[in-house]
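So the structure is just underneath, and the comments pick up after that.
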Amino acid sequence: MRGNLFIISGPSGAGKGTLVVRILKELNNVWLSVSATTRDPRPDEVDGIHYFFVSDQRFDQLIEQNGLLEWASVHGCRYGTLRDEVIRRLESGIDVILEIDPQGAFQVKEKLSDAILIFVMPPSMAELERRLRIRGTESCEQIAARLRAAKVEIFTKERYNSVVINDDLEKATNDLVEIIMTARQAAIEQETDRV
């Protein structure tokens with residue numbers, strides 16, 4: 001049985017990464033896609049684990065060779081999903097999670113219409129700003145840019161299959177697990193109907 005593709009989006013600081021880590025600990029048979037990016041690594045990031053850090057030239061090659069399932073420019077850098085890695089796992093029955101922005105999510109949805117889109121919302125813009133500030137990884141200008149981008153991204157949430165509000169981490173995790181388990185059950189029922 002083919003795996004399900006889950007695309008998780010939301011503003012920077014909404015807690016997507018934290019939720020995904022919790023999902024990976026709670027559920028078996030799930031793989032988090034590692035994106036390629038042209039941005040420089042942060043001090044705690046490891047190549048091949050957090051991202052595949054590539055040059056602009058290599059990114060251009062991936063685009064030309066149709067090696068990306070989606071790609072987008074975000075905050076002056078490019079990010080993309082390696083097509084072969086995702087398809088190989090889906091075909092081997094593994095559920096795949098893409099943690100990408102809305103621009104990329106809609107590119108993937110056009111190519112793989114059965115993708116399940118989940119939008120993670122902060123409880124408020126004030127809380128989002130607070131989270132970005134305590135993270136301590138961006139300048140004031142970068143935080144302002146991320147807050148402007150958040151307002152645009154939140155506007156797209158209506159195009160998603162599900163919206164999870166990350167106000168309480170435990171509840172948000174449970175909501176995500178329920179979405180994934182419901183999709184798995186639906187896939188099993190569809191497979192049974194075909195037999």
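Each chain in the structure tokens gets a letter, A, B and so on, in the order shown; residues start at 1 in every chain, and ligands are counted from 1 in the order they appear.
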May I have the residues within 8 Å of stretch 130-132 of chain A as an mmCIF file with C-alpha atoms, in the first residue's frame, using only C-alpha atoms and disregarding those fewer than 4 positions away in the same chain?
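Below you can see around37.cif, which holds the result:
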data_model
loop_
_atom_site.group_PDB
_atom_site.id
_atom_site.type_symbol
_atom_site.label_atom_id
_atom_site.label_comp_id
_atom_site.auth_asym_id
_atom_site.auth_seq_id
_atom_site.Cartn_x
_atom_site.Cartn_y
_atom_site.Cartn_z
ATOM 1 C CA SER A 12 7.834 30.807 11.035
ATOM 2 C CA GLY A 13 7.520 30.493 14.824
ATOM 3 C CA ALA A 14 4.141 28.690 14.782
ATOM 4 C CA ALA A 126 1.433 38.657 19.457
ATOM 5 C CA GLY A 136 17.010 34.578 19.117
ATOM 6 C CA THR A 137 18.036 33.507 15.611
ATOM 7 C CA GLU A 138 16.909 36.588 13.642
ATOM 8 C CA ILE A 143 11.524 39.242 12.585
#
Counting only C-alpha atoms, what is within 8 Å of A:Asp101, bar same-chain residues fewer than 5 positions away, as a list of chain:residue names? A:Ile8, A:Ser9, A:Gly10, A:Pro11, A:Glu153
Could you give me, as a list in words, the residues within 6 Å of stretch 90-100 of chain A, counting only C-alpha atoms and dropping anything in the same chain fewer than 4 positions from it? Met1, Arg2, Gly3, Asn4, Leu5, Phe6, Ile7, Ile8, Ser9, Asn29, Val30, Trp31, Leu32 and Ser33 of chain A
For the residues in the current selection, export N, CA and C atoms as a CSV table (one decimal), in the first residue's frame.
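So the final result, stored in out-v9.csv, reads:
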chain,number,residue,atom,x,y,z
A,1,MET,N,0.8,-1.2,0.0
A,1,MET,CA,0.0,0.0,0.0
A,1,MET,C,0.9,1.2,0.0
A,2,ARG,N,0.5,2.2,-0.8
A,2,ARG,CA,1.3,3.4,-0.9
A,2,ARG,C,1.1,4.3,0.3
A,3,GLY,N,2.2,5.0,0.7
A,3,GLY,CA,2.2,5.8,1.9
A,3,GLY,C,1.4,7.1,1.6
A,4,ASN,N,1.0,7.8,2.6
A,4,ASN,CA,0.3,9.1,2.5
A,4,ASN,C,1.4,10.2,2.5
A,5,LEU,N,1.1,11.3,1.8
A,5,LEU,CA,1.9,12.5,1.9
A,5,LEU,C,1.2,13.6,2.6
A,6,PHE,N,1.9,14.0,3.7
A,6,PHE,CA,1.3,15.1,4.6
A,6,PHE,C,2.2,16.3,4.4
A,7,ILE,N,1.6,17.5,4.1
A,7,ILE,CA,2.3,18.7,3.9
A,7,ILE,C,1.9,19.6,5.1
A,8,ILE,N,2.9,20.0,5.9
A,8,ILE,CA,2.7,20.8,7.1
A,8,ILE,C,3.3,22.2,6.8
A,9,SER,N,2.4,23.2,6.9
A,9,SER,CA,2.9,24.6,6.7
A,9,SER,C,2.4,25.5,7.8
A,29,ASN,N,6.6,4.4,10.9
A,29,ASN,CA,6.4,4.4,9.4
A,29,ASN,C,6.2,5.8,8.9
A,30,VAL,N,6.9,6.8,9.5
A,30,VAL,CA,6.8,8.2,9.0
A,30,VAL,C,8.2,8.7,8.7
A,31,TRP,N,8.4,9.3,7.6
A,31,TRP,CA,9.7,9.9,7.3
A,31,TRP,C,9.5,11.4,7.0
A,32,LEU,N,10.4,12.2,7.6
A,32,LEU,CA,10.4,13.7,7.4
A,32,LEU,C,11.3,14.0,6.3
A,33,SER,N,10.8,14.5,5.2
A,33,SER,CA,11.6,14.9,4.1
A,33,SER,C,12.6,16.0,4.5
Report as JSON lines: every residue of stretch 101-126 of chain A with an atom at most 12 Å from stretch 162-174 of chain A, its closest pair of atoms, and their distance in Å to one decimal, counting only C-alpha atoms, with rows sorted by chain and ascending residue number.
{"residue": "A:Ala115", "atom": "CA", "partner": "A:Ser162", "partner_atom": "CA", "distance": 11.8}
{"residue": "A:Ile116", "atom": "CA", "partner": "A:Ser162", "partner_atom": "CA", "distance": 8.2}
{"residue": "A:Leu117", "atom": "CA", "partner": "A:Ser162", "partner_atom": "CA", "distance": 6.6}
{"residue": "A:Ile118", "atom": "CA", "partner": "A:Ser162", "partner_atom": "CA", "distance": 4.8}
{"residue": "A:Phe119", "atom": "CA", "partner": "A:Val163", "partner_atom": "CA", "distance": 4.7}
{"residue": "A:Val120", "atom": "CA", "partner": "A:Val164", "partner_atom": "CA", "distance": 4.9}
{"residue": "A:Met121", "atom": "CA", "partner": "A:Ile165", "partner_atom": "CA", "distance": 4.6}
{"residue": "A:Pro122", "atom": "CA", "partner": "A:Asn166", "partner_atom": "CA", "distance": 5.4}
{"residue": "A:Pro123", "atom": "CA", "partner": "A:Asp167", "partner_atom": "CA", "distance": 5.2}
{"residue": "A:Ser124", "atom": "CA", "partner": "A:Asp167", "partner_atom": "CA", "distance": 8.8}
{"residue": "A:Met125", "atom": "CA", "partner": "A:Asp167", "partner_atom": "CA", "distance": 11.9}
Running DSSP on the backbone, which parts of stretch 69-174 of chain A land in strand (DSSP E or B), as an MDAnalysis selection string? chainID A and resid 69:74 77:82 95:99 116:121 162:165
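Proximity of A:Leu19, A:Ala72, A:Leu112, A:Ala145 to A:Thr37, computed with only C-alpha atoms, is greatest for A:Ala72.
Of the listed residues (A:Tyr160, A:Tyr79, A:Trp71, A:Phe106), A:Tyr79 comes nearest to A:Val54; the distances count only C-alpha atoms.
Taking atom CA of A:Arg83 and atom CA of A:Gly67 as endpoints, the distance between them is 5.6 Å.
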Excluding A:Glu141 and residues on its chain fewer than 5 positions from it, collect all residues at most 12 Å away from it, counting only C-alpha atoms, and give them as JSON, numbers by chain. {"A": [75, 132, 133, 146, 147, 148]}
Selected residues written out, C-alpha atoms, as a PDB file, in the first residue's frame:
ATOM      1  CA  HIS A  75      13.398  35.355   2.567  1.00  0.00           C
ATOM      2  CA  LEU A 132      10.310  34.596  17.185  1.00  0.00           C
ATOM      3  CA  ARG A 133      12.006  36.948  19.628  1.00  0.00           C
ATOM      4  CA  ARG A 146       8.695  37.057   9.062  1.00  0.00           C
ATOM      5  CA  LEU A 147       5.675  38.710  10.686  1.00  0.00           C
ATOM      6  CA  ARG A 148       4.712  40.323   7.367  1.00  0.00           C
TER       7      ARG A 148
END
Compile the contact shell of A:Asn66 as a ChimeraX atom specification: residues with an atom at most 10 Å away, counting only C-alpha atoms, same-chain residues fewer than 3 positions apart removed. /A:61-63,69-70,82-84
Atomic separation - atom CA of A:Ile49 relative to atom CA of A:Gln142, Å: 24.3 Å
Per DSSP on the backbone, what are the alpha helix (DSSP H) residues of stretch 107-160 of chain A, as a ChimeraX atom specification? /A:107-111,125-135,140-155
Selection export as an mmCIF file, in the first residue's frame, atoms kept: C-alpha atoms:
data_model
loop_
_atom_site.group_PDB
_atom_site.id
_atom_site.type_symbol
_atom_site.label_atom_id
_atom_site.label_comp_id
_atom_site.auth_asym_id
_atom_site.auth_seq_id
_atom_site.Cartn_x
_atom_site.Cartn_y
_atom_site.Cartn_z
ATOM 1 C CA GLN A 107 3.156 23.213 -6.110
ATOM 2 C CA VAL A 108 3.203 19.694 -4.637
ATOM 3 C CA LYS A 109 -0.602 19.534 -4.478
ATOM 4 C CA GLU A 110 -0.754 20.261 -8.216
ATOM 5 C CA LYS A 111 1.559 17.313 -8.921
ATOM 6 C CA MET A 125 0.191 37.354 16.099
ATOM 7 C CA ALA A 126 1.433 38.657 19.457
ATOM 8 C CA GLU A 127 2.356 35.130 20.539
ATOM 9 C CA LEU A 128 4.020 34.501 17.183
ATOM 10 C CA GLU A 129 6.176 37.603 17.617
ATOM 11 C CA ARG A 130 7.065 36.547 21.170
ATOM 12 C CA ARG A 131 8.170 33.098 19.948
ATOM 13 C CA LEU A 132 10.310 34.596 17.185
ATOM 14 C CA ARG A 133 12.006 36.948 19.628
ATOM 15 C CA ILE A 134 12.831 34.263 22.222
ATOM 16 C CA ARG A 135 14.228 32.030 19.502
ATOM 17 C CA CYS A 140 14.694 42.794 14.333
ATOM 18 C CA GLU A 141 14.439 43.370 10.571
ATOM 19 C CA GLN A 142 14.204 39.632 9.913
ATOM 20 C CA ILE A 143 11.524 39.242 12.585
ATOM 21 C CA ALA A 144 9.526 42.082 11.017
ATOM 22 C CA ALA A 145 9.833 40.380 7.601
ATOM 23 C CA ARG A 146 8.695 37.057 9.062
ATOM 24 C CA LEU A 147 5.675 38.710 10.686
ATOM 25 C CA ARG A 148 4.712 40.323 7.367
ATOM 26 C CA ALA A 149 5.096 36.944 5.643
ATOM 27 C CA ALA A 150 3.005 35.292 8.378
ATOM 28 C CA LYS A 151 0.030 37.526 7.605
ATOM 29 C CA VAL A 152 0.185 36.464 3.936
ATOM 30 C CA GLU A 153 0.639 32.770 4.800
ATOM 31 C CA ILE A 154 -2.265 32.759 7.273
ATOM 32 C CA PHE A 155 -4.505 34.074 4.488
#
